[in-house]
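K.L.:
So here's run_33.cif (mmCIF, C-alpha atoms and all ligand atoms).
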```cif
data_start
#
loop_
_atom_site.label_atom_id
_atom_site.label_comp_id
_atom_site.auth_asym_id
_atom_site.auth_seq_id
_atom_site.Cartn_x
_atom_site.Cartn_y
_atom_site.Cartn_z
CA MET L 1 0.00 0.00 0.00
CA LEU L 2 2.94 2.35 0.36
CA LYS L 3 3.28 3.98 -3.01
CA ILE L 4 3.37 7.15 -5.03
CA HIS L 5 0.45 8.16 -7.24
CA ASP L 6 0.94 10.70 -10.02
CA LEU L 7 -2.08 13.00 -10.34
CA ASN L 8 -2.92 15.69 -12.88
CA CYS L 9 -4.68 18.33 -10.79
CA GLY L 10 -5.35 20.90 -13.50
CA THR L 11 -5.20 21.17 -17.30
CA PHE L 12 -4.50 24.28 -19.37
CA CYS L 13 -4.95 24.53 -23.14
CA PRO L 14 -2.87 27.54 -24.24
CA LEU L 15 -2.94 28.99 -27.76
CA GLY L 16 -0.39 27.51 -30.17
CA GLU L 17 0.21 23.78 -29.73
CA LEU L 18 3.51 23.96 -31.64
CA ALA L 19 4.83 26.85 -29.52
CA ILE L 20 3.79 25.15 -26.27
CA ASN L 21 4.26 21.41 -26.77
CA GLY L 22 6.95 21.50 -29.47
CA HIS L 23 4.87 19.50 -31.94
CA GLY L 24 1.51 19.69 -33.71
CA SER L 25 -0.20 22.71 -35.22
CA PRO L 26 0.47 26.40 -34.53
CA PHE L 27 -3.29 26.97 -34.93
CA LYS L 28 -4.57 24.41 -32.40
CA ARG L 29 -4.46 24.77 -28.65
CA GLY L 30 -1.71 22.95 -26.73
CA LYS L 31 -1.91 21.13 -23.41
CA LEU L 32 -0.22 21.65 -20.06
CA VAL L 33 -0.87 19.64 -16.89
CA CYS L 34 -0.39 20.21 -13.14
CA HIS L 35 1.60 17.13 -12.15
CA CYS L 36 1.17 16.43 -8.43
CA GLN L 37 2.15 13.38 -6.39
CA LEU L 38 0.34 11.59 -3.58
CA ILE L 39 2.46 9.45 -1.26
CA GLU L 40 0.84 6.76 0.85
CA THR L 41 2.71 6.26 4.12
CA ASN L 42 2.10 4.34 7.34
CA ASP L 43 1.01 7.62 8.90
CA GLY L 44 -1.41 9.03 6.33
CA LEU L 45 -0.99 10.73 2.98
CA ILE L 46 1.50 13.32 1.79
CA LEU L 47 0.57 15.48 -1.19
CA ILE L 48 3.26 17.18 -3.28
CA ASP L 49 1.81 20.27 -4.98
CA THR L 50 -1.96 20.66 -5.22
CA GLY L 51 -2.85 22.13 -8.64
CA LEU L 52 -6.26 23.85 -8.77
CA GLY L 53 -8.83 23.25 -6.02
CA THR L 54 -12.60 23.16 -5.72
CA ARG L 55 -12.74 26.80 -4.62
CA ASP L 56 -10.81 27.92 -7.71
CA ILE L 57 -13.25 26.07 -9.94
CA ALA L 58 -16.28 27.52 -8.16
CA ARG L 59 -14.88 31.09 -8.20
CA PRO L 60 -12.14 31.31 -10.88
CA LYS L 61 -12.26 35.13 -10.94
CA ASP L 62 -10.76 35.17 -7.42
CA VAL L 63 -7.72 33.28 -8.64
CA LEU L 64 -6.98 33.49 -12.39
CA PRO L 65 -5.04 36.58 -13.52
CA GLY L 66 -7.92 37.97 -15.64
CA PRO L 67 -10.03 37.30 -18.77
CA ILE L 68 -7.17 37.88 -21.26
CA TRP L 69 -5.02 35.36 -19.41
CA GLN L 70 -7.92 32.87 -19.40
CA PHE L 71 -8.54 33.40 -23.15
CA ILE L 72 -4.86 32.66 -23.89
CA ASN L 73 -4.40 29.77 -21.47
CA GLN L 74 -7.89 28.32 -21.11
CA ALA L 75 -7.77 26.65 -17.68
CA GLN L 76 -10.15 23.69 -17.96
CA LEU L 77 -11.62 24.04 -14.42
CA ASP L 78 -12.67 20.40 -14.23
CA PRO L 79 -13.79 19.38 -10.69
CA GLU L 80 -12.78 15.77 -11.39
CA GLU L 81 -9.14 16.88 -11.77
CA THR L 82 -8.92 18.34 -8.25
CA ALA L 83 -6.74 16.42 -5.81
CA ILE L 84 -9.62 16.07 -3.34
CA TYR L 85 -11.89 14.44 -5.97
CA GLN L 86 -9.16 12.00 -7.04
CA ILE L 87 -8.15 11.19 -3.46
CA LYS L 88 -11.77 10.47 -2.46
CA LYS L 89 -12.15 8.30 -5.57
CA MET L 90 -9.20 6.21 -4.34
CA GLY L 91 -11.15 5.58 -1.13
CA PHE L 92 -9.32 8.01 1.16
CA LYS L 93 -10.77 10.80 3.27
CA PRO L 94 -9.55 14.40 2.90
CA GLU L 95 -8.34 14.24 6.54
CA ASP L 96 -5.98 11.41 5.53
CA VAL L 97 -3.82 14.06 3.84
CA ARG L 98 -1.70 15.04 6.86
CA HIS L 99 1.03 16.92 5.02
CA ILE L 100 1.28 18.97 1.85
CA VAL L 101 4.60 20.00 0.34
CA VAL L 102 4.52 22.72 -2.30
CA THR L 103 7.29 23.53 -4.79
CA HIS L 104 6.02 27.12 -4.66
CA LEU L 105 2.77 29.02 -4.07
CA ASP L 106 1.73 30.15 -7.59
CA PHE L 107 -2.06 29.83 -7.96
CA ASP L 108 -1.72 26.72 -10.15
CA HIS L 109 0.20 24.90 -7.39
CA ALA L 110 -1.53 26.11 -4.23
CA GLY L 111 -5.19 25.86 -5.29
CA GLY L 112 -5.84 22.58 -3.49
CA LEU L 113 -4.58 23.79 -0.09
CA ALA L 114 -8.06 24.94 0.98
CA ASP L 115 -9.48 21.45 0.30
CA PHE L 116 -7.20 20.04 3.03
CA PRO L 117 -7.34 22.70 5.78
CA HIS L 118 -6.14 20.31 8.52
CA ALA L 119 -2.91 19.40 6.64
CA GLN L 120 0.42 20.93 7.55
CA VAL L 121 1.86 22.85 4.59
CA HIS L 122 5.63 22.67 4.12
CA VAL L 123 7.23 25.52 2.16
CA TYR L 124 10.28 27.79 2.18
CA ALA L 125 9.81 30.87 4.40
CA ARG L 126 10.87 33.23 1.61
CA GLU L 127 8.15 31.80 -0.66
CA HIS L 128 5.58 32.28 2.08
CA ILE L 129 6.66 35.93 2.50
CA ALA L 130 6.45 36.61 -1.26
CA ALA L 131 3.03 34.94 -1.58
CA THR L 132 1.42 36.62 1.40
CA ARG L 133 2.94 40.13 0.97
CA ARG L 134 3.04 40.21 -2.88
CA PRO L 135 5.43 43.18 -3.20
CA LEU L 136 5.78 43.20 -7.04
CA TRP L 137 3.21 43.40 -9.89
CA ARG L 138 4.24 39.91 -10.93
CA ASP L 139 3.56 38.65 -7.41
CA ARG L 140 0.07 40.15 -7.51
CA MET L 141 -0.65 38.19 -10.73
CA ARG L 142 0.80 34.86 -9.68
CA TYR L 143 -0.21 34.52 -6.02
CA ALA L 144 -3.90 34.39 -5.07
CA PRO L 145 -4.64 35.47 -1.44
CA ALA L 146 -8.05 33.75 -1.72
CA GLN L 147 -6.20 30.41 -1.69
CA PHE L 148 -4.78 31.18 1.78
CA GLU L 149 -7.93 32.60 3.39
CA HIS L 150 -8.40 29.41 5.42
CA GLN L 151 -5.10 30.15 7.24
CA PRO L 152 -3.06 27.07 6.30
CA LYS L 153 -0.98 25.41 9.00
CA TRP L 154 2.37 26.55 7.61
CA LYS L 155 5.63 24.79 8.38
CA LEU L 156 8.27 27.21 7.13
CA TYR L 157 11.83 26.27 6.25
CA ARG L 158 15.03 28.25 5.94
CA THR L 159 17.36 27.43 3.04
CA GLU L 160 19.96 25.48 4.97
CA GLY L 161 21.18 21.92 4.99
CA GLU L 162 23.60 19.54 3.33
CA LYS L 163 24.91 18.90 -0.17
CA TRP L 164 22.86 16.49 -2.32
CA PHE L 165 24.01 15.55 -5.84
CA GLY L 166 25.72 18.93 -6.23
CA PHE L 167 22.84 21.01 -4.84
CA ASP L 168 23.54 23.02 -1.67
CA SER L 169 21.34 23.55 1.41
CA VAL L 170 19.20 20.44 0.97
CA ARG L 171 17.39 19.18 4.07
CA ALA L 172 14.88 16.54 5.06
CA LEU L 173 11.30 17.58 5.74
CA GLN L 174 10.18 17.42 9.36
CA ILE L 175 7.31 14.96 9.16
CA PRO L 176 6.98 13.02 12.43
CA GLY L 177 6.20 9.32 12.20
CA THR L 178 7.12 9.05 8.54
CA GLN L 179 9.84 6.65 7.49
CA GLU L 180 10.03 8.04 4.00
CA GLU L 181 12.99 10.24 3.20
CA ILE L 182 11.66 13.44 1.62
CA LEU L 183 14.01 16.33 0.87
CA ILE L 184 13.42 20.00 0.10
CA VAL L 185 15.88 21.17 -2.56
CA PRO L 186 16.32 24.92 -3.21
CA LEU L 187 15.62 25.70 -6.87
CA MET L 188 15.04 29.46 -6.69
CA GLY L 189 14.54 31.64 -9.74
CA HIS L 190 11.00 31.06 -11.02
CA THR L 191 9.80 32.44 -7.67
CA PRO L 192 11.80 33.73 -4.65
CA GLY L 193 11.37 30.53 -2.62
CA HIS L 194 10.87 27.88 -5.28
CA CYS L 195 12.07 24.37 -4.39
CA GLY L 196 12.19 20.81 -5.67
CA ILE L 197 10.90 17.86 -3.62
CA ALA L 198 12.95 14.66 -3.70
CA VAL L 199 11.48 11.34 -2.50
CA SER L 200 13.59 8.25 -1.87
CA THR L 201 12.10 5.13 -3.45
CA GLU L 202 13.28 1.59 -4.08
CA GLN L 203 13.94 2.57 -7.68
CA GLY L 204 16.05 5.58 -6.68
CA TRP L 205 15.19 9.22 -6.04
CA ILE L 206 12.26 10.99 -7.69
CA LEU L 207 12.65 14.77 -7.89
CA HIS L 208 9.59 16.95 -8.55
CA CYS L 209 11.25 20.14 -9.78
CA GLY L 210 8.01 22.16 -10.05
CA ASP L 211 8.40 25.09 -12.44
CA ALA L 212 12.21 25.10 -12.40
CA ALA L 213 11.70 23.76 -15.94
CA PHE L 214 8.64 23.58 -18.20
CA TYR L 215 9.68 21.14 -20.91
CA HIS L 216 11.43 17.76 -20.95
CA GLY L 217 14.06 19.14 -23.36
CA GLU L 218 15.17 21.52 -20.61
CA LEU L 219 16.01 18.55 -18.38
CA ASP L 220 16.99 15.54 -20.46
CA SER L 221 18.79 17.20 -23.35
CA PRO L 222 22.51 18.12 -22.92
CA LYS L 223 21.75 21.44 -24.64
CA ARG L 224 18.58 23.19 -23.51
CA ARG L 225 15.57 22.68 -25.80
CA CYS L 226 12.32 24.55 -25.12
CA PRO L 227 9.43 25.63 -27.40
CA PRO L 228 9.17 29.44 -27.80
CA GLY L 229 5.82 29.81 -26.01
CA LEU L 230 7.17 28.21 -22.86
CA ARG L 231 10.37 30.29 -23.08
CA ILE L 232 8.29 33.48 -23.19
CA TYR L 233 6.12 32.35 -20.27
CA GLN L 234 9.16 31.53 -18.13
CA ASN L 235 10.83 34.84 -18.98
CA VAL L 236 7.73 36.88 -18.12
CA PHE L 237 7.14 35.15 -14.78
CA GLN L 238 10.73 34.64 -13.61
CA HIS L 239 11.73 36.26 -10.34
CA ASP L 240 15.50 35.92 -10.90
CA ARG L 241 16.63 35.00 -14.41
CA ALA L 242 20.29 34.19 -13.61
CA LEU L 243 19.34 31.95 -10.70
CA ARG L 244 16.60 30.22 -12.72
CA LEU L 245 18.94 29.40 -15.62
CA GLU L 246 21.73 28.29 -13.27
CA ASN L 247 19.43 25.93 -11.35
CA GLN L 248 18.02 24.56 -14.61
CA LYS L 249 21.58 23.88 -15.79
CA CYS L 250 22.27 22.02 -12.51
CA LEU L 251 19.13 19.91 -13.10
CA ARG L 252 20.33 19.02 -16.62
CA GLU L 253 23.71 17.98 -15.19
CA LEU L 254 21.91 15.92 -12.54
CA VAL L 255 19.92 14.04 -15.21
CA LEU L 256 22.99 13.64 -17.45
CA ASN L 257 25.34 12.39 -14.71
CA HIS L 258 22.96 10.68 -12.28
CA GLY L 259 19.90 9.86 -14.39
CA ASP L 260 20.10 6.24 -13.24
CA GLU L 261 19.83 7.35 -9.57
CA VAL L 262 17.44 10.31 -9.81
CA SER L 263 14.32 10.65 -11.99
CA VAL L 264 13.43 14.30 -12.51
CA PHE L 265 10.17 15.76 -13.79
CA CYS L 266 8.62 19.21 -14.00
CA ALA L 267 5.06 20.20 -13.19
CA HIS L 268 3.44 21.16 -16.49
CA ASP L 269 4.87 18.93 -19.23
CA PRO L 270 2.24 16.33 -20.30
CA GLU L 271 4.94 14.14 -21.85
CA MET L 272 6.77 13.85 -18.52
CA MET L 273 3.42 13.19 -16.78
CA ASN L 274 2.85 10.24 -19.16
CA ARG L 275 6.30 8.86 -18.39
CA PHE L 276 5.50 8.72 -14.66
CA ALA L 277 1.78 8.08 -14.49
CA GLY L 278 0.69 4.55 -13.71
CA LYS L 279 4.08 3.38 -12.47
CA GLY L 280 2.74 2.95 -8.90
CA ILE L 281 6.22 3.10 -7.41
CA SER L 282 6.57 1.47 -4.01
CA VAL L 283 8.44 3.43 -1.37
CA HIS L 284 9.38 0.53 0.92
CA GLY L 285 8.80 -2.82 -0.75
CA GLU L 286 9.29 -4.86 2.40
CA LEU L 287 6.50 -2.97 4.15
CA LEU L 288 4.34 -3.34 1.09
CA GLN L 289 4.73 -7.11 1.33
CA GLN L 290 3.94 -7.11 5.04
CA LEU L 291 0.77 -5.16 4.42
CA ASP L 292 -0.22 -7.51 1.63
CA LEU L 293 0.23 -10.46 4.03
CA ALA L 294 -1.80 -8.66 6.69
CA ILE L 295 -4.67 -8.21 4.22
ZN ZN V 1 3.13 26.36 -12.49
#
```
Here is the file; what I need is its structure written in the form of structure tokens.

P.N.:
Amino acid sequence: MLKIHDLNCGTFCPLGELAINGHGSPFKRGKLVCHCQLIETNDGLILIDTGLGTRDIARPKDVLPGPIWQFINQAQLDPEETAIYQIKKMGFKPEDVRHIVVTHLDFDHAGGLADFPHAQVHVYAREHIAATRRPLWRDRMRYAPAQFEHQPKWKLYRTEGEKWFGFDSVRALQIPGTQEEILIVPLMGHTPGHCGIAVSTEQGWILHCGDAAFYHGELDSPKRRCPPGLRIYQNVFQHDRALRLENQKCLRELVLNHGDEVSVFCAHDPEMMNRFAGKGISVHGELLQQLDLAI
């Protein structure tokens, strides 16, 4: 029973399939997903990123950056894609989600927080400050205060810790009672406190790098490849360009040099979602067997 589920918790269909997905027609709409992960543990569920939530779908005007943005990007607002709907469909209760870890707090990653108000939310302190104070115009577009109205139970982290595959200041999350090794990896640039979340599995590490990249060619190609529409989007919404490009380069080197030990994916690429979805990776096989025997 201990495993990782890959969930798409929000679909966007932006103008220009070719410019967004790198293939297809320039005249059709493309597709982007919100790739989240649900980890079953002995002590409840852990959700990594939350996509869009039920509140966003009921009142999109509170969250989306305006009608022009919605015309260009066409958020699908499908209630069956919310994490809470999918988790209930698996037979769990919303209260089973004890912890949520977010790569950052952009509205397309934090929308599901309000559906799990009892969960502790793990995030970098500097991301929390940016999202709740919103000092810049860009911050006022990307962060939606309505998503935090329920006063989440924040667990804030400083960027400090050990080295991990060449990344500095990496530390384990403080989740009592959980045997799983889950790390918070600083990947600043897209937002001030953006991070990756690494989970140790029997098949090696899985690193959810959020919006540190938008396209598989930015991660698994020795020389960066990215369709022009996604390049523009990343440039417009970047908080720190130099840091973003440096961290993306480090991720490429990680995949190139340690791809057999670490599987890396980003949040919005449907091709990467397909590579992971349905794998049902076990976190601790021996415990899985024990549970099977117990059943
Ligand atoms: Zn995003």

K.L.:
Expressed in Å to a single decimal, how great is the separation between atom CA of L:Asp220 and atom CA of L:Leu52?

P.N.:
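Separation of atom CA of L:Asp220 and atom CA of L:Leu52: 27.3 Å.
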
K.L.:
Per residue of chain L within 8 Å of ligand ZN 1 (chain V), record the nearest atom pair and its distance in Å to one decimal, counting all atoms listed in the file, with rows in chain order and ascending residue number, as a tab-separated table.

P.N.:
```
residue	atom	partner	partner_atom	distance
L:Cys34	CA	V:ZN1	ZN	7.1
L:Asp106	CA	V:ZN1	ZN	6.4
L:Phe107	CA	V:ZN1	ZN	7.7
L:Asp108	CA	V:ZN1	ZN	5.4
L:His109	CA	V:ZN1	ZN	6.1
L:Gly210	CA	V:ZN1	ZN	6.9
L:Asp211	CA	V:ZN1	ZN	5.4
L:Ala267	CA	V:ZN1	ZN	6.5
L:His268	CA	V:ZN1	ZN	6.6
```

K.L.:
With a distance cut-off of 10 Å and all atoms listed in the file, select the neighbouring residues of stretch 225-227 of chain L, excluding the residue or stretch itself and same-chain residues fewer than 2 positions from it, and output the selection as a list in words.

P.N.:
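Counting all atoms listed in the file, the residues come to Glu17, Leu18, Ala19, Ile20, Asn21, Gly22, His23, Ala213, Phe214, Tyr215, His216, Gly217, Glu218, Leu219, Asp220, Ser221, Pro222, Lys223, Gly229, Leu230, Arg231 and Ile232 of chain L.
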
K.L.:
Which of these residues is nearest to L:Leu45, using all atoms listed in the file: L:Gln120, L:Thr159, L:Ser263, L:Gln76?

P.N.:
L:Gln120

K.L.:
May I have the residues at most 9 Å from (4.2, 14.4, 12.0) in the file's coordinates, counting only C-alpha atoms, as a PDB file with C-alpha atoms, in the coordinates of the input?

P.N.:
```pdb
ATOM      1  CA  ASP L  43       1.010   7.620   8.900  1.00  0.00           C
ATOM      2  CA  ARG L  98      -1.700  15.040   6.860  1.00  0.00           C
ATOM      3  CA  HIS L  99       1.030  16.920   5.020  1.00  0.00           C
ATOM      4  CA  GLN L 120       0.420  20.930   7.550  1.00  0.00           C
ATOM      5  CA  GLN L 174      10.180  17.420   9.360  1.00  0.00           C
ATOM      6  CA  ILE L 175       7.310  14.960   9.160  1.00  0.00           C
ATOM      7  CA  PRO L 176       6.980  13.020  12.430  1.00  0.00           C
ATOM      8  CA  GLY L 177       6.200   9.320  12.200  1.00  0.00           C
ATOM      9  CA  THR L 178       7.120   9.050   8.540  1.00  0.00           C
TER      10      THR L 178
END
```

K.L.:
Can you work out which one of L:Cys9, L:Val121, L:Leu64, L:Val262 has the shortest atom-to-atom distance to L:Ile84, counting all atoms listed in the file?

P.N.:
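Checking each of L:Cys9, L:Val121, L:Leu64, L:Val262 against L:Ile84, counting all atoms listed in the file, the winner is L:Cys9.
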
K.L.:
Please indicate the distance in Å from atom CA of L:Leu136 to atom CA of L:Leu77, rounded to one decimal place.

P.N.:
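So the answer is 26.9 Å.
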
K.L.:
Considering all atoms listed in the file, can you say which of L:Ala110, L:Met90, L:Ala172, L:Ile68 comes closest to L:Ser200?

P.N.:
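Distance minimum relative to L:Ser200 lands on L:Ala172.
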
K.L.:
Atom CA of L:Thr11 and atom CA of L:Lys31 are how many Å apart?

P.N.:
6.9 Å

K.L.:
Which one of L:Asp269, L:His150, L:Glu202, L:Leu254 sits closest to L:Cys13 if you count all atoms listed in the file?

P.N.:
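Ranked by minimum distance to L:Cys13, first place goes to L:Asp269.
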
K.L.:
Nearest residue to L:Ala114 out of L:Arg29, L:Lys3, L:Arg133, L:Lys153, using all atoms listed in the file?

P.N.:
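The closest residue to L:Ala114 is L:Lys153.
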
K.L.:
Using all atoms listed in the file for the distances, tell me which of L:Pro228, L:Gly193, L:Gly161, L:Gly53 is nearest to L:Gln147.

P.N.:
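The closest residue to L:Gln147 is L:Gly53.
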
K.L.:
Hey, could you pull the box centre and edge lengths for stretch 183-199 of chain L, axis-aligned, 3 Å padding per side, all listed atoms, to one decimal in Å, as AutoDock Vina command-line options?

P.N.:
```
--center_x 13.1 --center_y 22.5 --center_z -5.1 --size_x 12.5 --size_y 28.4 --size_z 17.9
```

K.L.:
Which residues come within 12 Å of L:His239, counting all atoms listed in the file, excluding same-chain residues fewer than 2 positions away, as a CSV table (one decimal) with C-alpha atoms, in the coordinates of the input?

P.N.:
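Dumped everything to selection21.csv:
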```
chain,number,residue,atom,x,y,z
L,127,GLU,CA,8.2,31.8,-0.7
L,130,ALA,CA,6.4,36.6,-1.3
L,135,PRO,CA,5.4,43.2,-3.2
L,136,LEU,CA,5.8,43.2,-7.0
L,137,TRP,CA,3.2,43.4,-9.9
L,138,ARG,CA,4.2,39.9,-10.9
L,139,ASP,CA,3.6,38.6,-7.4
L,142,ARG,CA,0.8,34.9,-9.7
L,187,LEU,CA,15.6,25.7,-6.9
L,188,MET,CA,15.0,29.5,-6.7
L,189,GLY,CA,14.5,31.6,-9.7
L,190,HIS,CA,11.0,31.1,-11.0
L,191,THR,CA,9.8,32.4,-7.7
L,192,PRO,CA,11.8,33.7,-4.6
L,193,GLY,CA,11.4,30.5,-2.6
L,194,HIS,CA,10.9,27.9,-5.3
L,211,ASP,CA,8.4,25.1,-12.4
L,212,ALA,CA,12.2,25.1,-12.4
L,234,GLN,CA,9.2,31.5,-18.1
L,235,ASN,CA,10.8,34.8,-19.0
L,236,VAL,CA,7.7,36.9,-18.1
L,237,PHE,CA,7.1,35.2,-14.8
L,241,ARG,CA,16.6,35.0,-14.4
L,242,ALA,CA,20.3,34.2,-13.6
L,243,LEU,CA,19.3,32.0,-10.7
L,244,ARG,CA,16.6,30.2,-12.7
L,245,LEU,CA,18.9,29.4,-15.6
```

K.L.:
Would you pick out the contacts of L:Leu105 at 8 Å or less, using only C-alpha atoms, so that residues sharing its chain but fewer than 6 positions from it are not included, and give the list as a VMD selection string?

P.N.:
chain L and resid 127 to 128 131 143

K.L.:
Is it possible to get the residues within 7 Å of (7.3, 28.6, 1.7) (coordinates as in the file, counting all atoms listed in the file) written as number ranges by chain?

P.N.:
L: 104, 122-128, 156-157, 193

K.L.:
Can you tell me which residues surround L:Met273 at a distance of at most 9 Å, considering all atoms listed in the file, apart from same-chain residues fewer than 2 positions away, and format the answer as a PyMOL selection string?

P.N.:
chain L and resi 6-8+33-35+265-271+275-277

K.L.:
Do a neighbour search on L:Val101 at 10 Å with all atoms listed in the file, toss out local chain neighbours closer than 5 positions, and write the hits as a PyMOL selection string.

P.N.:
chain L and resi 37+46-50+110+113+119-124+155+173+182+184+195-197

K.L.:
Please complete stretch 147-155 of chain L so it has all heavy atoms, and hand it over as an mmCIF file, keeping the file's coordinate frame.

P.N.:
```cif
data_model
loop_
_atom_site.group_PDB
_atom_site.id
_atom_site.type_symbol
_atom_site.label_atom_id
_atom_site.label_comp_id
_atom_site.auth_asym_id
_atom_site.auth_seq_id
_atom_site.Cartn_x
_atom_site.Cartn_y
_atom_site.Cartn_z
ATOM 1 N N GLN L 147 -6.583 31.810 -1.934
ATOM 2 C CA GLN L 147 -6.200 30.410 -1.690
ATOM 3 C C GLN L 147 -5.632 30.194 -0.282
ATOM 4 O O GLN L 147 -5.442 29.049 0.133
ATOM 5 C CB GLN L 147 -5.175 29.964 -2.742
ATOM 6 C CG GLN L 147 -5.755 29.897 -4.149
ATOM 7 C CD GLN L 147 -4.724 29.522 -5.195
ATOM 8 O OE1 GLN L 147 -3.521 29.743 -5.021
ATOM 9 N NE2 GLN L 147 -5.186 28.950 -6.299
ATOM 10 N N PHE L 148 -5.337 31.310 0.426
ATOM 11 C CA PHE L 148 -4.780 31.180 1.780
ATOM 12 C C PHE L 148 -5.738 31.702 2.850
ATOM 13 O O PHE L 148 -5.363 31.834 4.010
ATOM 14 C CB PHE L 148 -3.441 31.950 1.890
ATOM 15 C CG PHE L 148 -2.517 31.748 0.723
ATOM 16 C CD1 PHE L 148 -1.949 32.822 0.066
ATOM 17 C CD2 PHE L 148 -2.216 30.472 0.278
ATOM 18 C CE1 PHE L 148 -1.095 32.647 -1.011
ATOM 19 C CE2 PHE L 148 -1.365 30.276 -0.801
ATOM 20 C CZ PHE L 148 -0.803 31.355 -1.449
ATOM 21 N N GLU L 149 -6.971 32.019 2.441
ATOM 22 C CA GLU L 149 -7.930 32.600 3.390
ATOM 23 C C GLU L 149 -8.238 31.676 4.568
ATOM 24 O O GLU L 149 -8.612 32.121 5.644
ATOM 25 C CB GLU L 149 -9.250 32.923 2.668
ATOM 26 C CG GLU L 149 -9.291 34.325 2.107
ATOM 27 C CD GLU L 149 -10.526 34.571 1.252
ATOM 28 O OE1 GLU L 149 -11.375 33.661 1.155
ATOM 29 O OE2 GLU L 149 -10.611 35.664 0.677
ATOM 30 N N HIS L 150 -8.083 30.369 4.350
ATOM 31 C CA HIS L 150 -8.400 29.410 5.420
ATOM 32 C C HIS L 150 -7.277 29.306 6.445
ATOM 33 O O HIS L 150 -7.359 28.493 7.364
ATOM 34 C CB HIS L 150 -8.694 28.031 4.813
ATOM 35 C CG HIS L 150 -7.502 27.407 4.146
ATOM 36 N ND1 HIS L 150 -6.981 27.854 2.959
ATOM 37 C CD2 HIS L 150 -6.714 26.357 4.498
ATOM 38 C CE1 HIS L 150 -5.935 27.116 2.612
ATOM 39 N NE2 HIS L 150 -5.745 26.198 3.542
ATOM 40 N N GLN L 151 -6.237 30.135 6.293
ATOM 41 C CA GLN L 151 -5.100 30.150 7.240
ATOM 42 C C GLN L 151 -4.434 28.769 7.321
ATOM 43 O O GLN L 151 -4.586 28.052 8.329
ATOM 44 C CB GLN L 151 -5.563 30.568 8.644
ATOM 45 C CG GLN L 151 -6.266 31.913 8.696
ATOM 46 C CD GLN L 151 -5.292 33.077 8.515
ATOM 47 O OE1 GLN L 151 -4.155 33.005 8.956
ATOM 48 N NE2 GLN L 151 -5.721 34.116 7.830
ATOM 49 N N PRO L 152 -3.721 28.382 6.271
ATOM 50 C CA PRO L 152 -3.060 27.070 6.300
ATOM 51 C C PRO L 152 -2.114 26.922 7.495
ATOM 52 O O PRO L 152 -1.591 27.914 8.008
ATOM 53 C CB PRO L 152 -2.248 27.064 4.990
ATOM 54 C CG PRO L 152 -2.867 28.100 4.120
ATOM 55 C CD PRO L 152 -3.449 29.132 5.037
ATOM 56 N N LYS L 153 -1.927 25.685 7.903
ATOM 57 C CA LYS L 153 -0.980 25.410 9.000
ATOM 58 C C LYS L 153 0.421 25.336 8.405
ATOM 59 O O LYS L 153 0.887 24.260 8.021
ATOM 60 C CB LYS L 153 -1.318 24.070 9.666
ATOM 61 C CG LYS L 153 -2.639 24.052 10.387
ATOM 62 C CD LYS L 153 -2.780 22.672 11.030
ATOM 63 C CE LYS L 153 -4.184 22.416 11.453
ATOM 64 N NZ LYS L 153 -4.411 20.997 11.763
ATOM 65 N N TRP L 154 1.072 26.487 8.295
ATOM 66 C CA TRP L 154 2.370 26.550 7.610
ATOM 67 C C TRP L 154 3.470 25.904 8.440
ATOM 68 O O TRP L 154 3.506 26.059 9.666
ATOM 69 C CB TRP L 154 2.771 27.999 7.345
ATOM 70 C CG TRP L 154 1.820 28.795 6.515
ATOM 71 C CD1 TRP L 154 1.027 29.813 6.941
ATOM 72 C CD2 TRP L 154 1.577 28.675 5.102
ATOM 73 N NE1 TRP L 154 0.302 30.330 5.895
ATOM 74 C CE2 TRP L 154 0.618 29.653 4.754
ATOM 75 C CE3 TRP L 154 2.068 27.845 4.107
ATOM 76 C CZ2 TRP L 154 0.148 29.820 3.447
ATOM 77 C CZ3 TRP L 154 1.605 28.006 2.808
ATOM 78 C CH2 TRP L 154 0.653 28.982 2.487
ATOM 79 N N LYS L 155 4.358 25.222 7.780
ATOM 80 C CA LYS L 155 5.630 24.790 8.380
ATOM 81 C C LYS L 155 6.707 25.387 7.479
ATOM 82 O O LYS L 155 6.887 24.940 6.332
ATOM 83 C CB LYS L 155 5.709 23.248 8.396
ATOM 84 C CG LYS L 155 7.051 22.697 8.819
ATOM 85 C CD LYS L 155 7.291 22.858 10.297
ATOM 86 C CE LYS L 155 8.697 22.425 10.669
ATOM 87 N NZ LYS L 155 9.039 22.815 12.035
#
```
